[in-house]
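The structure file my_file14.cif is reproduced below (mmCIF, C-alpha atoms).
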```
data_start
#
loop_
_atom_site.label_atom_id
_atom_site.label_comp_id
_atom_site.auth_asym_id
_atom_site.auth_seq_id
_atom_site.Cartn_x
_atom_site.Cartn_y
_atom_site.Cartn_z
CA MET A 244 21.99 19.32 -29.77
CA ILE A 245 23.62 20.06 -26.42
CA ARG A 246 22.15 23.03 -24.53
CA PHE A 247 23.50 22.73 -20.98
CA ALA A 248 26.58 20.93 -19.72
CA ARG A 249 26.36 18.60 -16.74
CA ALA A 250 28.04 21.14 -14.43
CA VAL A 251 25.54 23.85 -15.37
CA ARG A 252 22.61 21.55 -14.74
CA GLY A 253 24.10 20.49 -11.43
CA VAL A 254 24.41 24.10 -10.24
CA HIS A 255 20.81 24.78 -11.26
CA HIS A 256 19.37 21.68 -9.61
CA VAL A 257 21.23 21.99 -6.30
CA THR A 258 20.48 25.71 -6.05
CA ALA A 259 16.81 25.05 -6.80
CA LEU A 260 16.69 22.34 -4.12
CA LEU A 261 18.28 24.59 -1.51
CA MET A 262 15.90 27.41 -2.43
CA LEU A 263 12.94 25.07 -2.12
CA VAL A 264 14.11 23.96 1.33
CA CYS A 265 14.46 27.61 2.37
CA LEU A 266 10.95 28.49 1.21
CA VAL A 267 9.31 25.44 2.79
CA THR A 268 11.06 25.90 6.13
CA ALA A 269 10.31 29.63 6.04
CA ALA A 270 6.62 28.84 5.68
CA MET A 271 6.87 26.45 8.63
CA LEU A 272 8.44 29.18 10.73
CA TYR A 273 6.22 32.13 9.81
CA VAL A 274 2.77 30.66 9.12
CA PRO A 275 1.22 29.93 12.53
CA ALA A 276 -0.93 27.03 11.34
CA LEU A 277 2.06 25.28 9.74
CA ALA A 278 4.31 26.03 12.70
CA GLU A 279 1.81 24.43 15.06
CA ALA A 280 1.22 21.43 12.81
CA VAL A 281 4.93 20.69 12.22
CA GLY A 282 6.39 21.64 15.58
CA ARG A 283 10.13 21.09 16.16
CA ARG A 284 10.78 24.77 15.57
CA HIS A 285 14.46 24.58 16.53
CA LEU A 286 15.11 21.80 14.01
CA VAL A 287 13.21 23.62 11.27
CA ARG A 288 15.14 26.82 12.00
CA THR A 289 18.46 24.97 11.85
CA ILE A 290 17.61 23.43 8.47
CA HIS A 291 16.49 26.84 7.20
CA VAL A 292 19.74 28.51 8.26
CA LEU A 293 21.98 25.77 6.83
CA ALA A 294 20.13 25.73 3.51
CA GLY A 295 20.27 29.53 3.31
CA PHE A 296 24.01 29.71 3.96
CA GLY A 297 24.49 26.93 1.41
CA LEU A 298 22.76 28.80 -1.43
CA PRO A 299 25.90 30.40 -2.94
CA VAL A 300 27.96 27.20 -2.68
CA PRO A 301 26.78 25.50 -5.93
CA ALA A 302 27.62 28.58 -8.00
CA LEU A 303 31.02 28.93 -6.35
CA LEU A 304 31.83 25.30 -7.09
CA GLY A 305 30.40 25.59 -10.58
CA TRP A 306 32.83 28.41 -11.34
CA ALA A 307 35.46 25.71 -11.92
CA SER A 308 33.49 24.69 -15.03
CA ARG A 309 34.26 26.53 -18.25
CA ALA A 310 30.72 25.89 -19.51
CA PHE A 311 29.26 27.50 -16.38
CA ARG A 312 31.49 30.56 -16.70
CA GLU A 313 30.51 30.92 -20.35
CA ASP A 314 26.81 30.78 -19.48
CA VAL A 315 27.30 33.39 -16.74
CA ARG A 316 29.03 35.61 -19.29
CA ARG A 317 26.07 35.27 -21.65
CA LEU A 318 23.58 36.02 -18.86
CA ASP A 319 25.53 39.15 -17.95
CA ARG A 320 25.18 40.71 -21.43
CA PHE A 321 22.07 42.70 -22.31
CA SER A 322 21.88 43.67 -26.00
CA PRO A 323 19.52 45.96 -27.96
CA ASP A 324 17.83 42.80 -29.26
CA ASP A 325 17.02 41.86 -25.67
CA TRP A 326 15.30 45.21 -25.11
CA ARG A 327 13.30 44.76 -28.31
CA TRP A 328 12.30 41.28 -27.18
CA LEU A 329 11.08 42.66 -23.85
CA ARG A 330 9.07 45.46 -25.44
CA GLY A 331 7.55 43.32 -28.17
CA ARG A 332 4.28 41.45 -27.97
CA ASP A 333 5.37 38.95 -30.61
CA ARG A 334 8.03 37.19 -28.56
CA ARG A 335 6.85 33.73 -29.59
CA ALA A 336 6.05 34.62 -33.20
CA THR A 337 7.71 32.42 -35.82
CA VAL A 338 8.12 32.47 -39.58
CA GLY A 339 8.74 29.12 -41.21
CA GLY A 340 9.35 27.51 -37.82
CA ARG A 341 11.95 30.11 -36.84
CA GLY A 342 11.58 32.84 -34.20
CA ILE A 343 11.44 36.36 -35.60
CA HIS A 344 13.63 37.77 -32.80
CA PRO A 345 17.39 37.00 -32.86
CA VAL A 346 17.43 35.47 -29.39
CA GLY A 347 20.71 34.00 -28.24
CA LYS A 348 21.18 31.16 -25.77
CA PHE A 349 19.17 33.09 -23.16
CA ASN A 350 16.30 35.45 -23.77
CA ALA A 351 15.88 38.71 -21.87
CA GLY A 352 13.42 37.19 -19.39
CA GLN A 353 15.87 34.47 -18.45
CA LYS A 354 18.63 37.03 -18.00
CA LEU A 355 16.46 39.16 -15.71
CA ASN A 356 15.41 36.11 -13.73
CA ALA A 357 19.04 35.03 -13.24
CA ALA A 358 20.04 38.55 -12.15
CA PHE A 359 17.16 38.75 -9.66
CA VAL A 360 17.90 35.32 -8.16
CA ALA A 361 21.62 36.08 -7.83
CA GLY A 362 20.93 39.43 -6.17
CA ALA A 363 18.23 37.94 -3.93
CA ILE A 364 20.60 35.22 -2.71
CA LEU A 365 23.18 37.81 -1.70
CA VAL A 366 20.63 40.02 0.08
CA MET A 367 18.99 37.05 1.82
CA LEU A 368 22.42 35.84 2.88
CA GLY A 369 23.29 39.21 4.41
CA THR A 370 19.98 39.76 6.17
CA GLY A 371 19.86 36.11 7.21
CA TRP A 372 23.26 36.46 8.85
CA ILE A 373 21.97 39.37 10.94
CA LEU A 374 18.88 37.38 11.96
CA ALA A 375 20.81 34.18 12.72
CA PHE A 376 23.44 36.01 14.80
CA PRO A 377 21.58 39.09 16.14
CA HIS A 378 23.66 39.92 19.21
CA PRO A 379 26.37 42.13 17.61
CA TRP A 380 23.80 44.20 15.70
CA PRO A 381 21.76 47.18 16.95
CA ASP A 382 17.96 47.06 16.99
CA THR A 383 17.65 49.18 13.84
CA PHE A 384 19.75 46.68 11.88
CA ARG A 385 17.77 43.72 13.16
CA THR A 386 14.44 45.41 12.41
CA GLY A 387 15.53 46.41 8.91
CA ALA A 388 16.95 42.94 8.21
CA THR A 389 13.69 41.30 9.29
CA PHE A 390 11.64 43.60 7.07
CA VAL A 391 13.85 43.04 3.99
CA HIS A 392 14.19 39.31 4.58
CA ASP A 393 10.46 38.72 4.94
CA TRP A 394 9.35 40.79 1.97
CA LEU A 395 12.12 39.52 -0.28
CA THR A 396 11.04 35.98 0.58
CA LEU A 397 7.59 36.74 -0.79
CA ALA A 398 9.11 38.24 -3.95
CA VAL A 399 11.34 35.19 -4.46
CA PHE A 400 8.36 32.91 -4.00
CA ALA A 401 6.39 34.81 -6.67
CA VAL A 402 9.29 34.81 -9.13
CA ILE A 403 9.89 31.08 -8.66
CA LEU A 404 6.21 30.36 -9.27
CA GLY A 405 6.41 32.34 -12.51
CA HIS A 406 9.60 30.54 -13.49
CA LEU A 407 7.98 27.15 -12.93
CA TRP A 408 4.84 28.20 -14.80
CA TYR A 409 6.82 29.10 -17.91
CA ALA A 410 9.09 26.04 -17.66
CA LEU A 411 6.29 23.51 -17.23
CA ARG A 412 4.58 24.87 -20.35
CA ASP A 413 7.69 24.23 -22.44
CA PRO A 414 8.77 20.56 -22.68
CA GLY A 415 11.75 21.56 -24.80
CA ALA A 416 13.10 23.82 -22.08
CA LEU A 417 12.61 21.07 -19.49
CA SER A 418 14.50 18.64 -21.71
CA GLY A 419 17.38 21.08 -22.00
CA MET A 420 17.64 21.50 -18.23
CA PHE A 421 17.14 17.86 -17.20
CA ILE A 422 18.97 15.90 -19.91
CA GLY A 423 21.00 18.74 -21.42
CA ARG A 424 19.74 18.38 -25.01
CA VAL A 425 17.15 20.07 -27.21
CA THR A 426 16.03 19.58 -30.78
CA PRO A 427 17.17 21.98 -33.52
CA GLU A 428 13.50 22.71 -34.24
CA TRP A 429 12.97 23.91 -30.67
CA ALA A 430 16.13 26.01 -30.82
CA ALA A 431 15.01 27.58 -34.12
CA ARG A 432 11.69 28.62 -32.57
CA HIS A 433 12.99 29.97 -29.28
CA HIS A 434 16.72 30.74 -29.70
CA PRO A 435 17.48 31.15 -33.41
CA ALA A 436 20.63 33.24 -32.95
CA TRP A 437 22.07 30.60 -30.61
CA LEU A 438 21.22 27.90 -33.16
CA ASP A 439 23.09 29.82 -35.87
CA GLU A 440 26.05 30.35 -33.55
CA THR A 441 26.18 26.66 -32.64
CA ALA A 442 25.90 25.58 -36.28
CA ALA A 443 28.71 27.95 -37.29
CA ALA A 444 30.93 26.67 -34.48
CA GLY A 445 30.21 23.09 -35.54
CA THR A 446 31.13 23.87 -39.14
CA ARG A 447 34.43 25.39 -38.06
CA GLY A 448 35.14 22.40 -35.84
CA MET A 449 34.60 20.01 -38.75
CA ALA A 450 37.47 21.51 -40.75
CA GLY A 451 40.19 18.88 -40.70
CA PRO A 452 43.77 18.71 -41.96
CA ASP A 453 42.57 17.93 -45.49
CA GLN A 454 40.87 21.33 -45.74
CA PRO A 455 42.89 24.02 -47.51
CA ASP A 456 44.31 26.75 -45.31
CA PRO A 457 43.75 30.17 -46.91
CA SER A 458 46.64 31.64 -44.95
CA SER A 459 49.21 29.30 -46.47
CA LYS A 460 51.01 30.15 -49.69
CA GLY A 461 51.12 26.61 -50.93
CA ASN A 462 48.56 23.87 -51.37
CA PRO A 463 48.11 21.12 -48.76
CA GLY A 464 48.88 17.65 -49.91
CA ARG A 465 47.08 14.51 -48.87
CA SER A 466 48.82 14.35 -45.53
CA GLY A 467 48.46 18.06 -44.84
CA GLU A 468 52.00 18.89 -46.03
CA LEU A 469 52.52 21.99 -48.12
CA THR A 470 53.58 21.49 -51.73
CA ALA A 471 55.03 24.04 -54.08
CA PRO A 472 52.79 26.77 -55.45
CA ALA A 473 50.78 26.10 -58.60
CA GLY A 474 53.28 27.93 -60.77
CA ASN A 475 55.91 25.31 -59.97
CA THR A 476 54.08 22.28 -61.36
CA GLU A 477 55.30 20.13 -64.18
CA GLU A 478 52.92 21.78 -66.66
CA GLY A 479 54.59 25.18 -66.47
CA LYS A 480 57.22 25.21 -63.80
CA ASP A 481 59.67 27.98 -63.18
CA ASP A 482 63.17 26.79 -62.47
CA LEU A 483 63.77 27.36 -58.79
CA SER A 484 67.43 26.42 -58.95
CA PRO A 485 70.04 29.21 -58.97
CA ARG A 486 70.73 30.50 -62.49
CA ARG A 487 74.24 30.50 -63.79
CA SER A 488 75.52 33.70 -65.31
#
```

Would you put the structure from the file into structure tokens?
Amino acid sequence: MIRFARAVRGVHHVTALLMLVCLVTAAMLYVPALAEAVGRRHLVRTIHVLAGFGLPVPALLGWASRAFREDVRRLDRFSPDDWRWLRGRDRRATVGGRGIHPVGKFNAGQKLNAAFVAGAILVMLGTGWILAFPHPWPDTFRTGATFVHDWLTLAVFAVILGHLWYALRDPGALSGMFIGRVTPEWAARHHPAWLDETAAAGTRGMAGPDQPDPSSKGNPGRSGELTAPAGNTEEGKDDLSPRRS
């Protein structure tokens, strides 16, 4: 079954690549041993700045995709079930191969991770702008931007390590992000509510013109045309022609 559309996977992969470039070049700029070993500080700084300013671009382009907008809408909704999932210690518990928590397409951890990354990109973009173009800004702004930028970089690095640790332990999740598909068994274990939603949508989509329409007064014929109501059949028809007095 399809989990992520191509546009959604593209936004994820390009954003992850840009973030990786930012972290690697940041290490080359701030760790003295790496800075000395790599050299070419101006080139490394230029790559770092370009990758940083490019971070919001994939999401902005992805907004043209309906699938991406729908996933953003899902990530932006936090339900009582999400809070219960966060507080519980049985997040991975299953009964009969099905997760006991009604998790939708994204669990609460994934929603929090997406919110943190989105917020971090905006903050890093703002503080990075001050650091890249420091002349219009007073010393207090530059000092504060440096402090926030450096410490937020460490936080982003830790969150990404945790994200990778969870992802690499779950081949099903990797399959969903790299090829866009997962098995129903995996979905039942990790996202049972999303599986039910997808199955219900598929059932509705399978209804063709030969299916009866409850809203119609008549009965659909073979070609989907409405025939007279059952009371007007040959077996017991009522005369529909005008009666003569």

Could you pull the residues within 9 Å of Gly253 of chain A, counting only C-alpha atoms, minus those fewer than 5 positions along the same chain, as a ChimeraX atom specification?
/A:248,258,301,305

Please write as a PyMOL selection string the list of polymer residues whose atoms come within 12 Å of (12.0, 21.3, 9.6), counting all atoms listed in the file and keeping to the coordinates of the file.
chain A and resi 264-272+277-294

For each of A:Arg246, A:His255, A:His392, A:Arg327, take the minimum atom-to-atom distance to Val425 of chain A, counting all atoms listed in the file, then give the residue where this is smallest.
A:Arg246

Find the residues around Asp413 of chain A up to 12 Å (all atoms listed in the file counted), leave out those fewer than 3 positions away in its own chain, and share them as a list in words.
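Neighbouring residues, sequence-local ones excluded: Arg335, His406, Leu407, Trp408, Tyr409, Ala410, Ala416, Leu417, Ser418, Gly419, Met420, Val425, Trp429, Arg432 and His433 of chain A.
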
Find the distance between atom CA of Ala310 of chain A and atom CA of Lys348 of chain A and write it in Å to one decimal.
12.6 Å

One number please: atom CA of Ala276 of chain A to atom CA of Ala363 of chain A, in Å, one decimal.
26.8 Å
